[in-house]
$ cat work.txt   # compact mmCIF, C-alpha atoms
# COMPACT_ATOMS: atom_id res chain seq x y z
CA MET A 1 -2.72 24.78 -5.50
CA GLN A 2 -3.73 21.84 -3.32
CA ASP A 3 -6.91 19.90 -4.08
CA ASP A 4 -8.13 18.55 -0.73
CA THR A 5 -10.41 16.05 -2.47
CA THR A 6 -7.53 14.22 -4.21
CA VAL A 7 -4.46 12.64 -2.64
CA ILE A 8 -2.93 11.16 -5.81
CA SER A 9 -3.11 12.47 -9.36
CA LEU A 10 -1.26 11.18 -12.42
CA ALA A 11 -1.67 13.27 -15.58
CA GLY A 12 -0.35 11.89 -18.86
CA VAL A 13 2.28 9.80 -17.07
CA ARG A 14 4.36 7.29 -19.02
CA LYS A 15 7.34 5.11 -18.03
CA ARG A 16 9.54 3.07 -20.36
CA TYR A 17 12.61 0.92 -19.80
CA GLY A 18 14.40 0.83 -23.13
CA GLY A 19 11.88 -0.52 -25.60
CA VAL A 20 9.58 -1.87 -22.91
CA VAL A 21 6.57 0.21 -21.87
CA ALA A 22 6.15 -0.36 -18.14
CA LEU A 23 3.29 2.16 -17.94
CA ALA A 24 1.55 3.56 -21.01
CA GLU A 25 0.40 7.17 -20.94
CA THR A 26 -1.94 7.15 -17.96
CA ASP A 27 -4.33 9.43 -16.09
CA PHE A 28 -5.24 8.31 -12.59
CA THR A 29 -6.65 9.81 -9.39
CA LEU A 30 -7.26 8.65 -5.85
CA ALA A 31 -9.77 10.58 -3.77
CA THR A 32 -9.08 11.57 -0.19
CA GLY A 33 -10.18 8.80 2.16
CA ALA A 34 -10.59 6.25 -0.64
CA ARG A 35 -9.27 2.68 -0.49
CA LEU A 36 -8.31 1.45 -3.94
CA ALA A 37 -6.50 -1.66 -5.20
CA LEU A 38 -4.38 -1.95 -8.33
CA LEU A 39 -4.98 -5.51 -9.49
CA GLY A 40 -3.08 -7.37 -12.18
CA GLY A 41 -0.42 -9.91 -12.99
CA SER A 42 3.33 -9.53 -13.37
CA GLY A 43 4.22 -6.80 -15.87
CA SER A 44 0.78 -5.19 -15.71
CA GLY A 45 2.14 -1.81 -14.60
CA LYS A 46 0.63 -1.79 -11.13
CA SER A 47 3.94 -1.70 -9.23
CA THR A 48 5.33 0.88 -11.64
CA LEU A 49 2.38 3.15 -10.88
CA LEU A 50 2.89 2.70 -7.13
CA HIS A 51 6.64 3.38 -7.41
CA LEU A 52 5.92 6.58 -9.32
CA VAL A 53 3.62 7.73 -6.54
CA MET A 54 6.29 6.93 -3.94
CA GLY A 55 8.93 8.77 -5.93
CA LEU A 56 11.10 5.66 -6.28
CA ILE A 57 11.17 6.24 -10.03
CA ALA A 58 10.47 9.32 -12.17
CA PRO A 59 8.07 9.47 -15.12
CA ASP A 60 9.40 9.93 -18.65
CA ILE A 61 6.54 12.31 -19.35
CA GLY A 62 3.59 13.59 -17.35
CA THR A 63 3.05 14.82 -13.82
CA VAL A 64 2.67 12.94 -10.54
CA ARG A 65 1.02 14.89 -7.73
CA VAL A 66 0.77 13.51 -4.20
CA LEU A 67 -1.04 15.22 -1.32
CA GLY A 68 -1.34 18.37 -3.40
CA GLU A 69 2.33 18.62 -4.40
CA GLU A 70 4.18 17.53 -7.51
CA MET A 71 6.53 14.65 -6.79
CA THR A 72 9.97 15.97 -7.71
CA PRO A 73 13.52 15.45 -6.40
CA ALA A 74 13.03 18.63 -4.35
CA SER A 75 9.71 17.62 -2.78
CA MET A 76 10.37 13.89 -2.50
CA ARG A 77 11.83 13.87 1.01
CA SER A 78 9.08 15.88 2.68
CA LEU A 79 6.34 13.97 0.83
CA ARG A 80 7.71 10.60 1.90
CA HIS A 81 7.33 11.66 5.54
CA ARG A 82 3.59 11.92 4.80
CA ILE A 83 3.31 8.54 3.09
CA GLY A 84 3.24 5.19 4.87
CA TYR A 85 4.81 2.44 2.75
CA VAL A 86 4.33 -1.27 3.49
CA ILE A 87 5.87 -4.12 1.49
CA GLN A 88 5.97 -7.91 1.83
CA GLU A 89 6.86 -9.05 5.37
CA GLY A 90 7.31 -5.40 6.32
CA GLY A 91 10.73 -4.96 4.70
CA LEU A 92 12.39 -5.05 8.11
CA PHE A 93 16.11 -4.59 8.75
CA PRO A 94 17.35 -7.96 10.09
CA HIS A 95 20.01 -6.47 12.38
CA LEU A 96 17.53 -4.30 14.30
CA THR A 97 14.92 -5.36 16.83
CA ALA A 98 11.28 -4.90 15.89
CA ARG A 99 11.13 -1.82 18.13
CA ARG A 100 14.16 -0.26 16.46
CA ASN A 101 12.68 -1.03 13.05
CA VAL A 102 9.53 0.86 14.00
CA ALA A 103 11.50 3.77 15.46
CA ILE A 104 13.84 4.42 12.52
CA MET A 105 12.11 7.62 11.42
CA SER A 106 11.46 8.97 14.92
CA GLU A 107 15.16 8.54 15.70
CA HIS A 108 16.09 10.19 12.41
CA LEU A 109 13.81 13.15 13.16
CA GLY A 110 15.10 13.49 16.71
CA TRP A 111 11.93 12.76 18.63
CA GLU A 112 12.13 12.87 22.41
CA ARG A 113 12.22 9.39 23.91
CA ASP A 114 8.90 9.75 25.78
CA ARG A 115 7.09 10.81 22.61
CA GLU A 116 8.57 7.89 20.70
CA LYS A 117 7.73 5.39 23.42
CA LYS A 118 4.13 6.61 23.65
CA ARG A 119 3.59 6.43 19.88
CA ILE A 120 5.06 2.94 19.61
CA GLU A 121 2.85 1.75 22.44
CA GLU A 122 -0.24 3.17 20.69
CA LEU A 123 0.68 1.37 17.49
CA ARG A 124 1.54 -1.87 19.28
CA GLU A 125 -1.95 -1.98 20.74
CA LEU A 126 -3.49 -1.05 17.38
CA VAL A 127 -1.90 -3.98 15.52
CA GLY A 128 -2.27 -6.47 18.39
CA LEU A 129 1.33 -7.31 19.30
CA THR A 130 2.68 -8.07 22.77
CA ARG A 131 5.38 -5.87 24.27
CA ASP A 132 7.99 -8.63 24.28
CA THR A 133 7.49 -9.14 20.54
CA LEU A 134 9.04 -5.73 19.89
CA ASP A 135 12.27 -6.81 21.59
CA ARG A 136 12.81 -9.65 19.13
CA TYR A 137 14.66 -9.58 15.82
CA PRO A 138 12.81 -10.16 12.52
CA SER A 139 14.18 -13.71 12.23
CA GLU A 140 12.51 -14.51 15.56
CA LEU A 141 9.08 -13.34 14.38
CA SER A 142 6.40 -15.08 12.34
CA GLY A 143 5.46 -13.71 8.94
CA GLY A 144 2.29 -12.19 10.39
CA GLN A 145 4.22 -10.53 13.20
CA ARG A 146 6.75 -9.07 10.76
CA GLN A 147 3.90 -7.67 8.71
CA ARG A 148 2.37 -6.01 11.77
CA VAL A 149 5.74 -4.47 12.68
CA GLY A 150 6.04 -3.15 9.12
CA LEU A 151 2.59 -1.58 9.43
CA MET A 152 3.58 0.03 12.73
CA ARG A 153 6.63 1.57 11.06
CA ALA A 154 4.51 2.87 8.18
CA LEU A 155 2.03 4.47 10.61
CA LEU A 156 4.59 5.97 12.99
CA LEU A 157 4.39 9.52 11.60
CA ASP A 158 0.59 9.27 11.21
CA PRO A 159 0.66 9.75 7.41
CA PRO A 160 -2.57 10.58 5.59
CA LEU A 161 -1.68 8.19 2.74
CA LEU A 162 -0.78 4.48 2.89
CA LEU A 163 0.82 2.59 0.00
CA LEU A 164 0.63 -1.19 0.34
CA ASP A 165 2.80 -3.17 -2.08
CA GLU A 166 1.75 -6.85 -2.02
CA PRO A 167 1.71 -6.53 1.80
CA LEU A 168 0.49 -10.06 2.53
CA GLY A 169 1.85 -11.86 -0.51
CA ALA A 170 4.58 -13.79 1.34
CA LEU A 171 2.19 -15.31 3.91
CA ASP A 172 0.46 -18.66 3.71
CA ALA A 173 -3.20 -18.67 2.71
CA VAL A 174 -4.72 -19.12 6.19
CA VAL A 175 -2.67 -16.34 7.79
CA ARG A 176 -3.16 -14.09 4.78
CA ARG A 177 -6.95 -14.30 4.90
CA ARG A 178 -6.99 -13.61 8.65
CA LEU A 179 -4.68 -10.61 8.32
CA GLN A 180 -6.74 -9.22 5.44
CA LYS A 181 -9.68 -8.88 7.78
CA GLU A 182 -7.56 -7.38 10.57
CA LEU A 183 -5.77 -4.99 8.21
CA ARG A 184 -9.02 -3.73 6.74
CA GLY A 185 -10.35 -3.06 10.23
CA ILE A 186 -7.24 -1.04 11.09
CA ILE A 187 -7.34 0.93 7.84
CA VAL A 188 -11.04 1.74 8.16
CA SER A 189 -10.68 2.79 11.80
CA LEU A 190 -7.83 5.19 10.96
CA GLY A 191 -9.57 6.78 7.98
CA LYS A 192 -6.44 6.74 5.81
CA SER A 193 -6.35 7.03 2.04
CA VAL A 194 -5.00 3.72 0.73
CA LEU A 195 -3.48 2.54 -2.54
CA LEU A 196 -2.88 -1.21 -2.62
CA VAL A 197 -0.99 -3.30 -5.18
CA THR A 198 -1.92 -6.98 -5.38
CA HIS A 199 -2.26 -9.88 -7.82
CA ASP A 200 -4.90 -11.50 -5.55
CA ALA A 201 -8.51 -10.61 -6.43
CA ALA A 202 -9.79 -11.77 -3.03
CA GLU A 203 -7.26 -9.54 -1.29
CA ALA A 204 -8.28 -6.58 -3.45
CA ALA A 205 -11.94 -7.20 -2.58
CA ALA A 206 -11.17 -7.57 1.13
CA LEU A 207 -9.02 -4.45 1.53
CA ALA A 208 -10.33 -1.99 -1.05
CA ASP A 209 -13.65 -0.42 -1.94
CA GLU A 210 -12.67 0.15 -5.57
CA ILE A 211 -10.43 -1.80 -7.94
CA VAL A 212 -8.36 -0.79 -10.96
CA VAL A 213 -7.52 -3.77 -13.19
CA MET A 214 -4.25 -3.34 -15.10
CA ALA A 215 -2.64 -5.27 -17.95
CA GLU A 216 0.32 -4.57 -20.23
CA GLY A 217 0.95 -1.18 -18.66
CA LYS A 218 -2.60 0.08 -19.07
CA ILE A 219 -5.71 0.56 -16.98
CA VAL A 220 -8.25 -1.93 -18.34
CA GLN A 221 -11.22 -1.24 -16.08
CA ARG A 222 -12.07 0.57 -12.86
CA GLY A 223 -14.98 0.01 -10.51
CA THR A 224 -16.24 -1.72 -7.40
CA ILE A 225 -15.83 -5.48 -7.12
CA ALA A 226 -19.55 -5.86 -7.79
CA GLU A 227 -19.38 -3.71 -10.94
CA LEU A 228 -16.33 -5.52 -12.31
CA THR A 229 -17.75 -8.96 -11.58
CA ARG A 230 -21.16 -8.09 -13.04
CA SER A 231 -19.93 -6.24 -16.15
CA PRO A 232 -16.32 -7.09 -17.06
CA LYS A 233 -15.16 -5.14 -20.10
CA THR A 234 -12.73 -7.81 -21.31
CA PRO A 235 -12.29 -11.57 -20.99
CA PHE A 236 -9.15 -10.87 -18.95
CA VAL A 237 -11.14 -8.98 -16.30
CA ALA A 238 -13.73 -11.75 -16.17
CA GLU A 239 -11.03 -14.41 -15.75
CA LEU A 240 -9.14 -12.41 -13.13
CA LEU A 241 -12.22 -11.99 -10.96
CA GLY A 242 -13.79 -15.35 -11.68
CA ASP A 243 -12.37 -17.28 -8.72
CA GLY A 244 -11.37 -14.69 -6.18
CA GLY A 245 -13.70 -11.74 -6.55
CA ALA A 246 -15.86 -12.26 -3.50
CA PRO A 247 -14.57 -11.03 -0.14
CA THR A 248 -13.50 -13.73 2.26
CA THR A 249 -15.82 -14.71 5.12
CA GLU A 250 -13.17 -16.60 7.10
CA GLN A 251 -13.14 -15.76 10.79
CA ALA A 252 -9.96 -14.76 12.60

$ encode --input "work.txt" --output "C-alpha cells"
Amino acid sequence: MQDDTTVISLAGVRKRYGGVVALAETDFTLATGARLALLGGSGSGKSTLLHLVMGLIAPDIGTVRVLGEEMTPASMRSLRHRIGYVIQEGGLFPHLTARRNVAIMSEHLGWERDREKKRIEELRELVGLTRDTLDRYPSELSGGQRQRVGLMRALLLDPPLLLLDEPLGALDAVVRRRLQKELRGIIVSLGKSVLLVTHDAAEAAALADEIVVMAEGKIVQRGTIAELTRSPKTPFVAELLGDGGAPTTEQA
C-alpha cells in the first residue's frame, strides 16, 4: 500500500562487499516534498544509500521502497522513469549533442516530435540555456552548461523524485557556488522531493533543508543545518560543519 507522505523508505537495509560494510543496517525515510542531503566523506555510505534507492545495487537484507513500491528487479524499470538522476557534469554521452542527450528517454518511449520539442524548450528556459547551446556536443560546453543539460535530462519525464549525486563536485568553486543558488531556486520552484549526496557542507546547506551526516556506513546525526551546528552529537559532526555549515551568500 502506498504511503503518500513518504517517497523513500529503507527498513533494516544493509550492504556489504566481502568483509567491508558499505552500509550498516539502516532505517531511513524521506518525506514527500522534502529536500535532504546525505553528507559525509569517502566511504561514509552516502553513495551506497543513494545507489540502493536508484536500484543500481540490491541490499543484502532489508527493504527499499521508492514512491510507494518496493525496489525490485521487476519494478526497477518503471520506478526509474519516475526518478530524475543527476551526477557530476551531467553524465552526458560525448557522441550526442546536448539536445540528443536530453531527449534519450523521450526517444526511447516514442514521444511525438512536437511533444518532445515543447518539453525540451520548457526545460531549456527553466535552466537558462540558449537554444544554440543544445546543438553543441558536451566537449564544446562549459562544466556549468553540462550540468544544466544533465538536469534537463533528469527532469524530462517530470519525475516526482530527484537524486543528485555530487552534482556540482567537478566544478570550480566560483561556478559551484553560483549554480548552488540557481539549482536550489529550480528545485524549490518545481516542488520536487530531493535526495542529495555531497561531501561539501556548504552545498548541503545551500540545497537541502535537512541533513543526514554519515560515517563508516552509519547515520551519525540528522537535523537541520542549524540543529547540527548548534548541537553536534560527535566531534566528527562538529568538524564537518565547522567551516562550511552556513549557506553561501554569494550573488550570481

$ atom_distance --input "work.txt" --atom1 "atom CA of A:Leu10" --atom2 "atom CA of A:Gly191"
22.5 Å

$ closest_residue --input "work.txt" --among "A:Val53, A:Leu39, A:Val20, A:Leu183" --to "A:Gln221" --atoms "all atoms listed in the file"
A:Leu39

$ residues_around --input "work.txt" --residues "A:Ala22" --least-positions-apart "3" --cutoff "9 Å" --atoms "only C-alpha atoms" --output "PyMOL selection string"
chain A and resi 14-17+43-45+48-49+216-218

$ closest_residue --input "work.txt" --among "A:Leu163, A:Leu151, A:Ile120, A:Leu50" --to "A:Ala34" --atoms "only C-alpha atoms"
A:Leu163

$ residues_around --input "work.txt" --residues "stretch 60-65 of chain A" --least-positions-apart "3" --cutoff "10 Å" --atoms "only C-alpha atoms" --output "PDB file with C-alpha atoms, in the coordinates of the input"
ATOM      1  CA  GLN A   2      -3.730  21.840  -3.320  1.00  0.00           C
ATOM      2  CA  THR A   6      -7.530  14.220  -4.210  1.00  0.00           C
ATOM      3  CA  VAL A   7      -4.460  12.640  -2.640  1.00  0.00           C
ATOM      4  CA  ILE A   8      -2.930  11.160  -5.810  1.00  0.00           C
ATOM      5  CA  SER A   9      -3.110  12.470  -9.360  1.00  0.00           C
ATOM      6  CA  LEU A  10      -1.260  11.180 -12.420  1.00  0.00           C
ATOM      7  CA  ALA A  11      -1.670  13.270 -15.580  1.00  0.00           C
ATOM      8  CA  GLY A  12      -0.350  11.890 -18.860  1.00  0.00           C
ATOM      9  CA  VAL A  13       2.280   9.800 -17.070  1.00  0.00           C
ATOM     10  CA  ARG A  14       4.360   7.290 -19.020  1.00  0.00           C
ATOM     11  CA  LYS A  15       7.340   5.110 -18.030  1.00  0.00           C
ATOM     12  CA  ARG A  16       9.540   3.070 -20.360  1.00  0.00           C
ATOM     13  CA  TYR A  17      12.610   0.920 -19.800  1.00  0.00           C
ATOM     14  CA  LEU A  23       3.290   2.160 -17.940  1.00  0.00           C
ATOM     15  CA  GLU A  25       0.400   7.170 -20.940  1.00  0.00           C
ATOM     16  CA  THR A  26      -1.940   7.150 -17.960  1.00  0.00           C
ATOM     17  CA  ASP A  27      -4.330   9.430 -16.090  1.00  0.00           C
ATOM     18  CA  PHE A  28      -5.240   8.310 -12.590  1.00  0.00           C
ATOM     19  CA  THR A  29      -6.650   9.810  -9.390  1.00  0.00           C
ATOM     20  CA  LEU A  49       2.380   3.150 -10.880  1.00  0.00           C
ATOM     21  CA  LEU A  52       5.920   6.580  -9.320  1.00  0.00           C
ATOM     22  CA  VAL A  53       3.620   7.730  -6.540  1.00  0.00           C
ATOM     23  CA  MET A  54       6.290   6.930  -3.940  1.00  0.00           C
ATOM     24  CA  GLY A  55       8.930   8.770  -5.930  1.00  0.00           C
ATOM     25  CA  ILE A  57      11.170   6.240 -10.030  1.00  0.00           C
ATOM     26  CA  GLY A  68      -1.340  18.370  -3.400  1.00  0.00           C
ATOM     27  CA  GLU A  69       2.330  18.620  -4.400  1.00  0.00           C
ATOM     28  CA  GLU A  70       4.180  17.530  -7.510  1.00  0.00           C
ATOM     29  CA  MET A  71       6.530  14.650  -6.790  1.00  0.00           C
ATOM     30  CA  THR A  72       9.970  15.970  -7.710  1.00  0.00           C
TER      31      THR A  72
END

$ closest_residue --input "work.txt" --among "A:Thr224, A:Ser47, A:Thr32, A:Ser106" --to "A:Ile211" --atoms "only C-alpha atoms"
A:Thr224

$ atom_distance --input "work.txt" --atom1 "atom CA of A:Lys181" --atom2 "atom CA of A:Gln147"
13.7 Å

$ residues_near_point --input "work.txt" --point "(14.7, 13.8, 9.2)" --cutoff "9 Å" --atoms "all atoms listed in the file" --output "PyMOL selection string"
chain A and resi 77-78+81+105-110

$ atom_distance --input "work.txt" --atom1 "atom CA of A:Thr229" --atom2 "atom CA of A:Gln88"
27.3 Å

$ closest_residue --input "work.txt" --among "A:Val127, A:Leu196, A:Val86, A:Ala37" --to "A:Val213" --atoms "all atoms listed in the file"
A:Ala37

$ closest_residue --input "work.txt" --among "A:Arg115, A:Arg124, A:His51, A:Arg136" --to "A:Leu92" --atoms "only C-alpha atoms"
A:Arg136

$ residues_around --input "work.txt" --residues "A:Arg35" --least-positions-apart "6" --cutoff "6 Å" --atoms "only C-alpha atoms" --output "list in words"
Ser193, Val194, Ala208 and Asp209 of chain A

$ residues_around --input "work.txt" --residues "A:Lys117" --least-positions-apart "4" --cutoff "12 Å" --atoms "all atoms listed in the file" --output "ChimeraX atom specification"
/A:99-100,102-103,106-107,111-113,121-124,131,134,156

$ closest_residue --input "work.txt" --among "A:Ala98, A:Glu239, A:Ile219, A:Asp165" --to "A:Asp132" --atoms "all atoms listed in the file"
A:Ala98
